[in-house]
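Enquirer: Below is the file model-v2.cif, with mmCIF, C-alpha atoms.
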```
data_run
loop_
_atom_site.label_atom_id
_atom_site.label_comp_id
_atom_site.auth_asym_id
_atom_site.auth_seq_id
_atom_site.Cartn_x
_atom_site.Cartn_y
_atom_site.Cartn_z
CA MET A 730 0.08 -0.36 8.16
CA LYS A 731 -2.37 2.46 8.23
CA ARG A 732 -6.06 2.20 8.89
CA LEU A 733 -8.94 4.27 7.63
CA ILE A 734 -11.32 4.83 10.50
CA ILE A 735 -14.87 6.00 9.93
CA ASN A 736 -16.28 7.47 13.12
CA GLU A 737 -18.83 9.99 11.90
CA PRO A 738 -22.36 9.27 10.73
CA GLY A 739 -23.51 10.48 7.35
CA LEU A 740 -20.31 9.90 5.40
CA PHE A 741 -20.43 8.50 1.89
CA LEU A 742 -17.58 6.23 0.86
CA ARG A 743 -17.14 5.52 -2.79
CA ALA A 744 -14.60 4.48 -5.36
CA LYS A 745 -13.46 6.72 -8.16
CA SER A 746 -10.84 5.65 -10.68
CA ASP A 747 -9.34 3.17 -8.21
CA MET A 748 -9.21 5.67 -5.35
CA ILE A 749 -11.19 5.69 -2.13
CA VAL A 750 -13.20 8.90 -1.91
CA ILE A 751 -15.01 10.04 1.21
CA GLU A 752 -17.74 12.61 0.88
CA LYS A 753 -19.75 14.53 3.40
CA LYS A 754 -22.92 16.21 2.17
CA GLY A 755 -21.69 15.95 -1.41
CA GLU A 756 -18.31 17.49 -0.63
CA LYS A 757 -15.09 15.53 -0.93
CA ILE A 758 -13.23 15.48 2.37
CA LEU A 759 -10.68 12.75 1.77
CA GLU A 760 -9.21 10.86 -1.14
CA THR A 761 -6.68 8.09 -0.74
CA SER A 762 -5.24 5.16 -2.57
CA PRO A 763 -6.19 1.68 -1.33
CA LEU A 764 -2.47 0.88 -1.48
CA ASN A 765 -1.93 3.24 1.43
CA ILE A 766 -4.21 1.48 3.88
CA SER A 767 -4.55 -2.05 5.16
CA GLN A 768 -7.88 -1.88 6.97
CA VAL A 769 -11.05 0.15 7.00
CA PHE A 770 -12.82 0.35 10.36
CA ILE A 771 -16.44 1.37 10.48
CA LEU A 772 -17.15 2.46 14.04
CA THR A 773 -20.29 4.42 13.38
CA ARG A 774 -23.78 3.83 12.08
CA GLY A 775 -25.16 5.62 9.09
CA ALA A 776 -22.14 5.43 6.81
CA VAL A 777 -22.93 4.74 3.17
CA LEU A 778 -20.68 2.50 1.11
CA SER A 779 -20.95 1.93 -2.61
CA SER A 780 -20.57 -1.54 -4.08
CA ALA A 781 -17.76 -0.24 -6.27
CA LEU A 782 -15.89 0.64 -3.09
CA LEU A 783 -16.38 -2.84 -1.68
CA LYS A 784 -15.00 -4.27 -4.91
CA LEU A 785 -12.06 -1.91 -4.81
CA LEU A 786 -11.21 -2.87 -1.23
CA ALA A 787 -11.42 -6.56 -2.05
CA LYS A 788 -9.24 -6.10 -5.11
CA TYR A 789 -6.49 -4.46 -3.09
CA ARG A 790 -7.03 -6.85 -0.19
CA VAL A 791 -7.98 -4.12 2.20
CA ASP A 792 -10.17 -5.58 4.92
CA LEU A 793 -13.36 -3.85 5.90
CA ILE A 794 -14.49 -4.39 9.45
CA LEU A 795 -17.77 -3.30 10.99
CA TYR A 796 -17.84 -2.77 14.73
CA SER A 797 -20.69 -2.76 17.18
CA SER A 798 -21.06 0.33 19.33
CA PHE A 799 -19.23 -1.64 22.03
CA GLY A 800 -16.20 -2.02 19.79
CA HIS A 801 -16.68 -5.64 18.96
CA PRO A 802 -16.04 -6.75 15.37
CA ILE A 803 -19.37 -7.86 13.89
CA ALA A 804 -18.61 -8.34 10.24
CA LYS A 805 -15.60 -8.51 8.02
CA LEU A 806 -15.26 -8.27 4.29
CA THR A 807 -12.18 -9.89 2.81
CA SER A 808 -11.01 -10.80 -0.62
CA SER A 809 -12.39 -14.18 -1.71
CA LYS A 810 -8.91 -15.16 -2.78
CA GLY A 811 -7.80 -16.91 0.35
CA SER A 812 -4.50 -18.55 1.04
CA GLY A 813 -4.98 -22.25 0.54
CA SER A 814 -2.79 -23.78 3.18
CA VAL A 815 -4.30 -27.23 3.37
CA LYS A 816 -1.27 -28.94 4.83
CA LEU A 817 -0.89 -26.43 7.63
CA ARG A 818 -4.55 -26.60 8.55
CA LYS A 819 -4.55 -30.40 8.59
CA MET A 820 -1.60 -30.31 10.97
CA GLN A 821 -3.38 -27.71 13.10
CA TYR A 822 -6.46 -29.94 13.51
CA LYS A 823 -4.31 -32.99 14.11
CA ILE A 824 -2.23 -31.57 16.92
CA GLN A 825 -5.28 -30.13 18.68
CA ASN A 826 -5.68 -33.43 20.48
CA GLU A 827 -2.04 -34.27 20.84
CA LYS A 828 0.62 -33.53 23.37
CA VAL A 829 1.84 -30.59 21.27
CA GLY A 830 -1.62 -29.11 21.59
CA ALA A 831 -1.41 -29.31 25.36
CA TYR A 832 1.96 -27.59 25.14
CA LEU A 833 0.46 -24.70 23.18
CA THR A 834 -2.44 -24.43 25.62
CA LYS A 835 0.07 -23.93 28.39
CA ARG A 836 2.15 -21.49 26.38
CA PHE A 837 -0.74 -19.12 25.63
CA ALA A 838 -1.97 -19.04 29.20
CA TRP A 839 1.56 -18.72 30.56
CA ALA A 840 2.25 -15.66 28.36
CA LYS A 841 -0.90 -13.96 29.54
CA VAL A 842 -0.12 -14.47 33.20
CA VAL A 843 3.50 -13.36 32.73
CA ASN A 844 2.27 -10.16 31.08
CA GLN A 845 -0.10 -9.59 33.98
CA LYS A 846 2.79 -10.01 36.35
CA VAL A 847 4.90 -7.49 34.44
CA ILE A 848 2.17 -4.84 34.61
CA LEU A 849 1.77 -5.32 38.36
CA ARG A 850 5.52 -5.34 38.99
CA GLU A 851 6.16 -2.20 36.98
CA ALA A 852 3.31 -0.36 38.64
CA GLY A 853 4.63 -1.52 42.00
CA LYS A 854 8.12 -0.26 41.29
CA ASN A 855 6.87 3.15 40.18
CA ARG A 856 4.68 3.88 43.19
CA LYS A 857 5.96 6.31 45.77
CA ASP A 858 3.43 5.14 48.33
CA ARG A 859 5.36 2.37 50.07
CA ILE A 860 2.36 0.35 51.27
CA LEU A 861 0.72 0.39 47.84
CA SER A 862 4.01 -0.46 46.19
CA GLU A 863 4.57 -3.42 48.52
CA LYS A 864 1.04 -4.65 47.92
CA LEU A 865 1.45 -4.53 44.12
CA LEU A 866 4.81 -6.30 44.24
CA GLU A 867 3.28 -8.95 46.46
CA LEU A 868 0.46 -9.49 43.94
CA SER A 869 2.98 -9.66 41.11
CA ARG A 870 4.91 -12.38 42.94
CA LEU A 871 1.67 -14.27 43.38
CA THR A 872 0.86 -14.14 39.64
CA SER A 873 4.44 -15.07 38.89
CA SER A 874 4.10 -18.27 40.90
CA ILE A 875 0.86 -19.09 39.08
CA ALA A 876 2.69 -18.63 35.77
CA ASP A 877 5.30 -21.13 36.93
CA MET A 878 2.58 -23.57 37.91
CA ILE A 879 1.05 -23.33 34.43
CA ALA A 880 4.42 -23.89 32.77
CA ASN A 881 5.11 -26.92 34.96
CA LEU A 882 1.80 -28.71 34.42
CA GLU A 883 2.44 -32.27 33.32
CA GLY A 884 0.32 -34.77 31.47
CA ASP A 885 -0.71 -35.90 28.01
CA ASP A 886 -4.46 -35.63 28.34
CA ILE A 887 -5.21 -32.35 26.64
CA GLU A 888 -8.68 -32.04 28.17
CA MET A 889 -7.31 -32.39 31.66
CA ILE A 890 -4.47 -29.95 30.99
CA ARG A 891 -6.87 -27.42 29.56
CA GLU A 892 -9.12 -27.69 32.57
CA LYS A 893 -6.23 -27.12 34.95
CA VAL A 894 -4.83 -24.27 32.88
CA VAL A 895 -8.19 -22.52 32.78
CA ARG A 896 -8.53 -22.82 36.54
CA LEU A 897 -5.06 -21.37 37.16
CA GLU A 898 -5.65 -18.64 34.60
CA ALA A 899 -8.82 -17.61 36.43
CA GLU A 900 -6.91 -17.54 39.68
CA ALA A 901 -4.26 -15.28 38.17
CA ALA A 902 -6.93 -13.04 36.66
CA GLU A 903 -8.53 -12.56 40.05
CA VAL A 904 -5.23 -11.43 41.53
CA TYR A 905 -4.44 -9.29 38.53
CA TRP A 906 -7.70 -7.34 38.45
CA GLN A 907 -7.39 -6.77 42.15
CA GLY A 908 -4.00 -5.19 41.45
CA PHE A 909 -5.31 -3.36 38.40
CA LYS A 910 -7.81 -1.61 40.60
CA LEU A 911 -4.95 -0.39 42.78
CA ILE A 912 -3.03 0.94 39.78
CA LEU A 913 -5.96 3.07 38.62
CA PRO A 914 -6.11 6.68 39.81
CA GLU A 915 -7.96 6.94 43.10
CA ASP A 916 -11.02 8.81 41.85
CA VAL A 917 -11.74 6.26 39.12
CA GLN A 918 -14.56 3.83 39.78
CA PHE A 919 -13.75 0.22 39.00
CA PRO A 920 -16.12 -2.44 40.31
CA GLY A 921 -13.82 -5.24 39.15
CA ARG A 922 -13.51 -6.72 35.70
CA ARG A 923 -16.78 -7.02 33.76
CA LYS A 924 -16.88 -8.59 30.32
CA ARG A 925 -19.02 -7.42 27.45
CA PHE A 926 -21.78 -9.85 28.33
CA ASP A 927 -21.96 -8.51 31.88
CA SER A 928 -23.03 -5.11 30.46
CA PRO A 929 -20.68 -2.95 32.55
CA THR A 930 -21.56 0.67 33.24
CA ASP A 931 -18.15 2.02 34.34
CA PRO A 932 -15.75 3.74 31.92
CA VAL A 933 -12.78 1.45 32.59
CA ASN A 934 -14.54 -1.78 31.71
CA ILE A 935 -16.25 -0.20 28.72
CA MET A 936 -12.90 1.05 27.43
CA LEU A 937 -11.27 -2.31 28.03
CA ASN A 938 -14.00 -4.15 26.15
CA PHE A 939 -13.87 -1.67 23.30
CA CYS A 940 -10.11 -2.03 22.91
CA TYR A 941 -10.16 -5.82 23.22
CA GLY A 942 -12.56 -5.74 20.29
CA LEU A 943 -10.18 -3.63 18.22
CA LEU A 944 -7.32 -5.92 19.18
CA ALA A 945 -9.34 -9.00 18.25
CA SER A 946 -9.75 -7.84 14.68
CA GLU A 947 -6.05 -6.99 14.49
CA VAL A 948 -5.12 -10.50 15.63
CA TRP A 949 -7.78 -12.00 13.41
CA LEU A 950 -6.27 -10.47 10.29
CA ALA A 951 -2.82 -11.68 11.32
CA VAL A 952 -4.12 -15.22 11.88
CA GLU A 953 -5.84 -15.23 8.52
CA SER A 954 -2.76 -14.09 6.66
CA SER A 955 -0.76 -16.89 8.27
CA GLY A 956 -3.03 -19.51 6.73
CA LEU A 957 -4.12 -21.02 10.05
CA ASP A 958 -7.78 -21.73 10.74
CA PRO A 959 -8.96 -18.97 13.09
CA TYR A 960 -11.69 -21.22 14.51
CA ALA A 961 -9.55 -24.14 15.68
CA GLY A 962 -7.97 -23.22 18.98
CA PHE A 963 -5.94 -24.77 21.77
CA LEU A 964 -6.65 -22.91 24.98
CA HIS A 965 -10.15 -21.93 23.89
CA ILE A 966 -12.60 -24.62 22.88
CA ASP A 967 -13.67 -24.75 19.24
CA SER A 968 -16.91 -23.00 18.58
CA PRO A 969 -18.59 -22.11 15.33
CA ARG A 970 -19.30 -18.64 16.66
CA ARG A 971 -16.04 -17.73 18.28
CA PRO A 972 -12.66 -17.74 16.55
CA ALA A 973 -10.87 -19.81 19.19
CA LEU A 974 -7.36 -19.50 17.79
CA VAL A 975 -7.75 -15.73 17.55
CA MET A 976 -8.75 -15.69 21.22
CA ASP A 977 -5.71 -17.83 22.02
CA ILE A 978 -3.21 -15.46 20.43
CA LEU A 979 -5.16 -12.49 21.77
CA GLU A 980 -4.19 -13.60 25.28
CA GLU A 981 -0.56 -12.72 24.58
CA PHE A 982 -1.42 -9.15 23.66
CA ARG A 983 -4.18 -8.14 26.08
CA GLN A 984 -1.93 -6.56 28.68
CA PRO A 985 0.82 -5.15 26.44
CA VAL A 986 -1.59 -3.46 24.04
CA VAL A 987 -4.92 -2.81 25.68
CA ASP A 988 -4.39 -2.60 29.44
CA ARG A 989 -1.41 -0.29 28.98
CA THR A 990 -3.38 1.99 26.68
CA VAL A 991 -6.37 2.10 29.00
CA LEU A 992 -4.25 2.85 32.06
CA ARG A 993 -2.49 5.63 30.20
CA LEU A 994 -5.69 7.11 28.84
CA ILE A 995 -7.76 6.96 31.99
CA SER A 996 -5.29 9.06 33.91
CA SER A 997 -5.37 11.68 31.14
CA PHE A 998 -9.14 12.14 31.39
CA LYS A 999 -10.24 14.75 33.87
CA ASP A 1000 -13.64 13.21 34.39
CA PRO A 1001 -13.66 9.62 33.10
CA GLN A 1002 -17.41 9.32 33.61
CA SER A 1003 -17.95 12.06 31.02
CA ILE A 1004 -16.72 9.87 28.14
CA LEU A 1005 -19.83 7.75 28.45
CA GLU A 1006 -23.30 8.11 27.09
CA GLY A 1007 -25.23 5.46 28.97
CA ARG A 1008 -23.33 2.23 28.39
CA LEU A 1009 -21.71 3.54 25.23
CA LEU A 1010 -18.67 5.67 24.50
CA LYS A 1011 -19.23 9.14 23.13
CA ARG A 1012 -18.03 9.76 19.62
CA GLU A 1013 -15.14 12.02 20.62
CA ALA A 1014 -14.01 9.52 23.24
CA ARG A 1015 -14.10 6.73 20.68
CA PHE A 1016 -11.90 8.92 18.52
CA GLN A 1017 -9.36 9.41 21.28
CA ILE A 1018 -9.32 5.76 22.22
CA VAL A 1019 -8.77 4.52 18.69
CA LYS A 1020 -5.98 7.04 18.31
CA ALA A 1021 -4.26 6.02 21.55
CA PHE A 1022 -4.73 2.38 20.58
CA SER A 1023 -3.04 2.74 17.21
CA GLU A 1024 -0.31 4.90 18.71
CA ARG A 1025 0.44 2.05 21.07
CA LEU A 1026 0.52 -0.38 18.14
CA SER A 1027 3.12 1.73 16.39
CA GLU A 1028 5.45 1.83 19.39
CA ASN A 1029 8.65 -0.16 18.98
CA LEU A 1030 9.27 -3.08 21.31
CA THR A 1031 12.04 -5.63 21.38
CA PHE A 1032 10.92 -9.21 21.33
CA ALA A 1033 12.76 -12.34 20.15
CA GLY A 1034 15.76 -10.15 19.34
CA ARG A 1035 13.91 -7.83 16.99
CA SER A 1036 12.88 -4.25 17.61
CA LEU A 1037 9.64 -3.77 15.72
CA PRO A 1038 6.37 -1.88 16.11
CA LEU A 1039 3.91 -3.78 18.28
CA SER A 1040 1.63 -4.22 15.27
CA SER A 1041 4.37 -6.14 13.44
CA HIS A 1042 4.83 -8.43 16.42
CA ILE A 1043 1.09 -9.15 16.31
CA PHE A 1044 1.41 -9.90 12.63
CA LEU A 1045 4.39 -12.21 13.17
CA GLN A 1046 3.03 -14.26 16.07
CA PRO A 1047 0.60 -16.44 14.03
CA LYS A 1048 3.37 -16.96 11.50
CA ARG A 1049 5.64 -18.22 14.28
CA LEU A 1050 2.84 -20.48 15.44
CA ALA A 1051 2.44 -21.83 11.91
CA GLU A 1052 6.18 -22.52 11.69
CA PHE A 1053 5.94 -24.47 14.92
CA ILE A 1054 2.83 -26.40 13.89
CA ILE A 1055 4.33 -27.44 10.59
CA GLY A 1056 7.49 -28.52 12.39
CA ARG A 1057 9.93 -25.92 11.12
CA SER A 1058 10.74 -24.67 14.59
CA SER A 1059 11.08 -26.77 17.70
CA ASN A 1060 9.27 -24.51 20.14
CA TYR A 1061 6.75 -21.71 20.18
CA LEU A 1062 7.71 -18.45 21.84
CA PRO A 1063 4.62 -16.53 22.95
CA PHE A 1064 4.77 -12.74 23.13
CA THR A 1065 5.68 -11.51 26.60
CA LEU A 1066 6.78 -8.22 28.08
CA ARG A 1067 9.96 -8.05 30.05
CA MET B 1119 6.89 -7.95 0.30
CA GLN B 1120 9.70 -5.48 0.27
CA THR B 1121 8.83 -1.91 -0.56
CA MET B 1122 11.25 0.79 -1.58
CA GLN B 1123 10.88 4.52 -1.55
CA THR B 1124 10.19 5.57 -5.09
CA LEU B 1125 10.62 9.08 -6.42
CA VAL B 1126 8.79 10.17 -9.56
CA VAL B 1127 9.81 13.43 -11.22
CA TYR B 1128 8.31 14.72 -14.44
CA ASP B 1129 8.45 17.64 -16.81
CA ILE B 1130 5.47 17.78 -19.14
CA SER B 1131 4.02 20.79 -20.95
CA ASP B 1132 0.65 19.32 -21.96
CA ASP B 1133 -1.82 20.10 -19.12
CA ARG B 1134 -3.98 17.07 -19.77
CA VAL B 1135 -1.07 14.63 -19.81
CA ARG B 1136 0.40 16.21 -16.68
CA PHE B 1137 -2.88 15.86 -14.85
CA MET B 1138 -3.19 12.21 -15.83
CA ILE B 1139 0.31 11.53 -14.57
CA SER B 1140 -0.42 13.06 -11.19
CA ARG B 1141 -3.61 11.03 -10.96
CA VAL B 1142 -1.79 7.77 -11.62
CA CYS B 1143 0.85 8.62 -9.01
CA LYS B 1144 -1.86 9.27 -6.43
CA ARG B 1145 -3.58 6.04 -7.37
CA PHE B 1146 -0.40 4.18 -6.51
CA GLY B 1147 -0.47 5.79 -3.10
CA LEU B 1148 2.39 8.22 -3.69
CA ALA B 1149 2.46 11.55 -1.89
CA ARG B 1150 2.96 14.80 -3.73
CA ILE B 1151 6.08 16.41 -2.29
CA GLN B 1152 6.40 19.07 -4.95
CA ARG B 1153 4.33 20.27 -7.92
CA SER B 1154 5.73 17.63 -10.27
CA THR B 1155 7.33 15.26 -7.80
CA PHE B 1156 5.83 12.27 -6.05
CA LEU B 1157 7.29 10.02 -3.36
CA GLY B 1158 6.11 6.83 -1.70
CA TYR B 1159 6.64 3.15 -0.98
CA LEU B 1160 6.23 0.71 -3.85
CA THR B 1161 7.06 -2.92 -4.36
CA SER B 1162 9.06 -3.73 -7.47
CA MET B 1163 5.92 -5.17 -9.07
CA GLN B 1164 3.98 -2.00 -8.36
CA ARG B 1165 6.82 0.05 -9.75
CA LYS B 1166 6.72 -1.93 -12.98
CA GLU B 1167 2.98 -1.33 -13.24
CA LEU B 1168 3.45 2.36 -12.54
CA THR B 1169 6.14 2.85 -15.18
CA ALA B 1170 4.02 0.95 -17.71
CA ALA B 1171 1.06 3.20 -16.96
CA LEU B 1172 3.19 6.33 -17.19
CA ARG B 1173 4.67 5.19 -20.49
CA ARG B 1174 1.17 4.69 -21.85
CA ILE B 1175 0.08 8.17 -20.77
CA ILE B 1176 3.06 10.09 -22.09
CA GLY B 1177 2.89 8.29 -25.47
CA ASP B 1178 4.36 10.50 -28.18
CA SER B 1179 3.92 13.80 -26.34
CA ASP B 1180 6.85 15.97 -25.30
CA GLY B 1181 8.59 15.95 -21.96
CA ASN B 1182 9.97 13.21 -19.75
CA ILE B 1183 9.35 11.30 -16.58
CA GLN B 1184 12.04 9.92 -14.26
CA VAL B 1185 11.53 7.21 -11.69
CA PHE B 1186 14.15 6.84 -8.95
CA VAL B 1187 14.44 4.15 -6.33
CA LEU B 1188 15.90 5.33 -3.04
CA CYS B 1189 17.23 3.31 -0.17
CA ARG B 1190 16.51 4.36 3.37
CA ALA B 1191 20.05 5.70 3.91
CA ASP B 1192 19.83 7.91 0.86
CA LEU B 1193 16.46 9.26 1.86
CA ALA B 1194 17.74 10.01 5.35
CA LEU B 1195 20.27 12.40 3.78
CA ARG B 1196 17.47 14.44 2.29
CA GLU B 1197 17.09 17.98 3.54
CA VAL B 1198 13.81 19.82 3.34
CA ILE B 1199 14.06 23.57 3.05
CA GLY B 1200 11.08 25.87 3.22
CA LYS B 1201 7.51 24.78 3.74
CA PRO B 1202 7.02 21.07 3.12
CA PHE B 1203 4.41 20.01 0.62
CA GLU B 1204 1.86 17.27 1.30
CA GLU B 1205 3.91 14.61 3.05
CA TYR B 1206 3.35 10.92 3.10
CA ALA B 1207 0.97 10.40 6.04
CA LYS B 1208 2.19 7.81 8.52
CA GLU B 1209 -0.75 7.97 10.85
CA ASP B 1210 -4.18 6.43 10.59
CA LEU B 1211 -6.80 8.34 8.71
CA LEU B 1212 -9.58 9.21 11.10
CA VAL B 1213 -12.82 10.63 9.77
#
```
Here is a file; write its structure as structure tokens.
Expert:
Amino acid sequence: MKRLIINEPGLFLRAKSDMIVIEKKGEKILETSPLNISQVFILTRGAVLSSALLKLLAKYRVDLILYSSFGHPIAKLTSSKGSGSVKLRKMQYKIQNEKVGAYLTKRFAWAKVVNQKVILREAGKNRKDRILSEKLLELSRLTSSIADMIANLEGDDIEMIREKVVRLEAEAAEVYWQGFKLILPEDVQFPGRRKRFDSPTDPVNIMLNFCYGLLASEVWLAVESSGLDPYAGFLHIDSPRRPALVMDILEEFRQPVVDRTVLRLISSFKDPQSILEGRLLKREARFQIVKAFSERLSENLTFAGRSLPLSSHIFLQPKRLAEFIIGRSSNYLPFTLR
Amino acid sequence: MQTMQTLVVYDISDDRVRFMISRVCKRFGLARIQRSTFLGYLTSMQRKELTAALRRIIGDSDGNIQVFVLCRADLALREVIGKPFEEYAKEDLLV
């Protein structure tokens, strides 16, 4: 579904006879029906929203998401009419500490590592430079063996499994980011992976963090519409601040959605450093990134026998998880690239 | 929810009524593909609401409105000649 993205300061968003109207200095620049959009992203400061608009969005179940300047979702406005799926949620909490929970923990981490492997392998196959190509293929084999180790972990104690999985996942990540650095164009600075809390200063990490934020809200909406509790996770530990289940499902999509987009974009920039303004992205760059991101989401991919846009796969994954949790399907197939 | 392409065509002489019809079509997220023709995806429920609203607007005044439901195959056979009017936007709206 389409998004409405607000990236310019000083815009006034209001509702008029059940339509969303956007004005700039008193002049109407856009008018659209809430039926045409599924989300409103506010990426900028200084946008003005009327309460009638908020009501309109809630009425049509259009989610409004406010992002920090680093691209992280800070606030979300949703309709108060939730989906009351008590039975599903009870099952979700119950299996958190059961063997099935340990199985899911392994599945999420496995998918992530497999996707990392695929990125490395593809990059390795496409390199003309034989030494670089060999190196990347070698790293991909290494991640592949870690993926197997995760899948083959045995035991019923979920805490112990989680600990082991996290350790293996970190090992794979180390290999992966090493390879990622090799895939980047030569003139691009990449000091290694830095998360949002490490306050990175290089364009690649800043872009990655920004896009992971966008992806998080995408997954979040999908989880919410499936009726699962976004805060009760398997691989990630429950926390009142962090939606653990969202982070779990996010792992399946990091490489296919974000890393691909960033790799593609960074090689199209002449001077990647110029997209930054201190530790923040410039407005025009933000524009380009969001565009590339949603273009990627609308690309068709075949998974589980269905060729659908990537955004639909994201939407379906929590539903598949719910089917598994409630016992309607016997296994859970996490999203992986081929 | 399954949505179907819905085509709304009308012929109304009263300016005020005609304007109200176009406004309702826009409110339902339809795109104007010709002066008095709108096209867009609607669920069957939305279509019922739309026809009810249109019926209310046209009341006793002259003219008629026709609402067609098109399947994807039928729409694919469509040919556009000349400059296209405002098409249904598939991309995100960036401002």
Enquirer: Determine, using all atoms listed in the file, which residues of chain A have any atom at most 7 Å from an atom of chain B, and tabulate each with its shortest atom pair and distance in Å to one decimal place, rows ordered by chain and then rising number, as CSV.
Expert:
```
residue,atom,partner,partner_atom,distance
A:Lys731,CA,B:Asp1210,CA,5.0
A:Arg732,CA,B:Asp1210,CA,4.9
A:Leu733,CA,B:Leu1211,CA,4.7
A:Ile734,CA,B:Leu1212,CA,4.8
A:Ile735,CA,B:Val1213,CA,5.1
A:Asn736,CA,B:Val1213,CA,5.8
A:Glu737,CA,B:Val1213,CA,6.4
A:Asp747,CA,B:Arg1145,CA,6.5
A:Met748,CA,B:Arg1145,CA,6.0
A:Ser762,CA,B:Gly1147,CA,4.8
A:Leu764,CA,B:Gly1147,CA,5.5
A:Asn765,CA,B:Gly1147,CA,5.4
```
Enquirer: Go ahead and save the picked residues with C-alpha atoms, as a PDB file, in the frame of the given file.
Expert:
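Written file, again.pdb:
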```
ATOM      1  CA  LYS A 731      -2.370   2.460   8.230  1.00  0.00           C
ATOM      2  CA  ARG A 732      -6.060   2.200   8.890  1.00  0.00           C
ATOM      3  CA  LEU A 733      -8.940   4.270   7.630  1.00  0.00           C
ATOM      4  CA  ILE A 734     -11.320   4.830  10.500  1.00  0.00           C
ATOM      5  CA  ILE A 735     -14.870   6.000   9.930  1.00  0.00           C
ATOM      6  CA  ASN A 736     -16.280   7.470  13.120  1.00  0.00           C
ATOM      7  CA  GLU A 737     -18.830   9.990  11.900  1.00  0.00           C
ATOM      8  CA  ASP A 747      -9.340   3.170  -8.210  1.00  0.00           C
ATOM      9  CA  MET A 748      -9.210   5.670  -5.350  1.00  0.00           C
ATOM     10  CA  SER A 762      -5.240   5.160  -2.570  1.00  0.00           C
ATOM     11  CA  LEU A 764      -2.470   0.880  -1.480  1.00  0.00           C
ATOM     12  CA  ASN A 765      -1.930   3.240   1.430  1.00  0.00           C
TER      13      ASN A 765
END
```
Enquirer: Could you write out as an MDAnalysis selection string the residues that the PyMOL selection byres ((chain B and resi 1152) around 10) matches in the shown file?
Expert: chainID B and resid 1127 1149:1151 1153:1157 1202:1205
Enquirer: Return as a Markdown table the residues of region 926-1029 of chain A lying at most 8 Å from region 823-830 of chain A, together with the closest atom-to-atom pair for each and the distance in Å to one decimal, counting all atoms listed in the file, with rows in chain order and ascending residue number.
Expert:
```
| residue | atom | partner | partner_atom | distance |
| --- | --- | --- | --- | --- |
| A:Ala961 | CA | A:Gln825 | CA | 7.9 |
| A:Gly962 | CA | A:Gln825 | CA | 7.4 |
| A:Phe963 | CA | A:Gly830 | CA | 6.1 |
```
Enquirer: Out of A:Met878, A:Val895, A:Leu1030, A:Ile912, which residue has the shortest atom-to-atom distance to Arg856 (chain A) when counting only C-alpha atoms?
Expert: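 Smallest distance to Arg856 (chain A) is found for A:Ile912.
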Enquirer: Which residues are near region 1177-1192 of chain B? Cut-off 12 Å, all atoms listed in the file, ignore same chain within fewer than 4 positions. Put them as a ChimeraX atom specification.
Expert: /B:1120-1136,1139-1140,1143,1154-1162,1165-1166,1168-1173,1196-1197
Enquirer: Please work out which residues fall within 12 Å of (6.8, -12.2, 24.8), coordinates as given in the file, with all atoms listed in the file counting, and return them as a PyMOL selection string.
Expert: chain A and resi 836-845+847+978+980-985+1030-1035+1039+1042-1043+1045-1046+1061-1067
Enquirer: Within 12 Å of Tyr905 (chain A), counting only C-alpha atoms, which residues qualify if same-chain residues fewer than 3 places away don't, as a ChimeraX atom specification?
Expert: /A:841-850,852,864-873,875,898-902,908-912,921-922,984,988
Enquirer: Can you tell me how far CA of Lys805 (chain A) sits from CA of Val933 (chain A), in Å to one decimal?
Expert: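 We find that CA of Lys805 (chain A) and CA of Val933 (chain A) lie 26.7 Å from each other.
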Enquirer: Show which residues sit within 12 Å of Arg970 (chain A), as number ranges by chain. Count all atoms listed in the file, and ignore same-chain residues fewer than 2 positions away.
Expert: A: 803, 959-961, 966-968, 972-973, 975-976
Enquirer: State, in Å with one decimal place, the distance from CA of Gly800 (chain A) to CA of Gly942 (chain A).
Expert: 5.2 Å
Enquirer: To one decimal place, how far is CA of Tyr796 (chain A) from CA of Ile766 (chain A) in Å?
Expert: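 Separation between CA of Tyr796 (chain A) and CA of Ile766 (chain A): 17.9 Å.
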Enquirer: Would you pick out the contacts of Ser797 (chain A) at 12 Å or less, using only C-alpha atoms, so that residues sharing its chain but fewer than 5 positions from it are not included, and give the list as number ranges by chain?
Expert: A: 736, 770-774, 802-805, 925, 938-939, 942-943, 1009-1010
Enquirer: Those residues with C-alpha atoms, as a tab-separated table (two decimals), keeping the file's coordinate frame please?
Expert:
```
chain	number	residue	atom	x	y	z
A	736	ASN	CA	-16.28	7.47	13.12
A	770	PHE	CA	-12.82	0.35	10.36
A	771	ILE	CA	-16.44	1.37	10.48
A	772	LEU	CA	-17.15	2.46	14.04
A	773	THR	CA	-20.29	4.42	13.38
A	774	ARG	CA	-23.78	3.83	12.08
A	802	PRO	CA	-16.04	-6.75	15.37
A	803	ILE	CA	-19.37	-7.86	13.89
A	804	ALA	CA	-18.61	-8.34	10.24
A	805	LYS	CA	-15.60	-8.51	8.02
A	925	ARG	CA	-19.02	-7.42	27.45
A	938	ASN	CA	-14.00	-4.15	26.15
A	939	PHE	CA	-13.87	-1.67	23.30
A	942	GLY	CA	-12.56	-5.74	20.29
A	943	LEU	CA	-10.18	-3.63	18.22
A	1009	LEU	CA	-21.71	3.54	25.23
A	1010	LEU	CA	-18.67	5.67	24.50
```
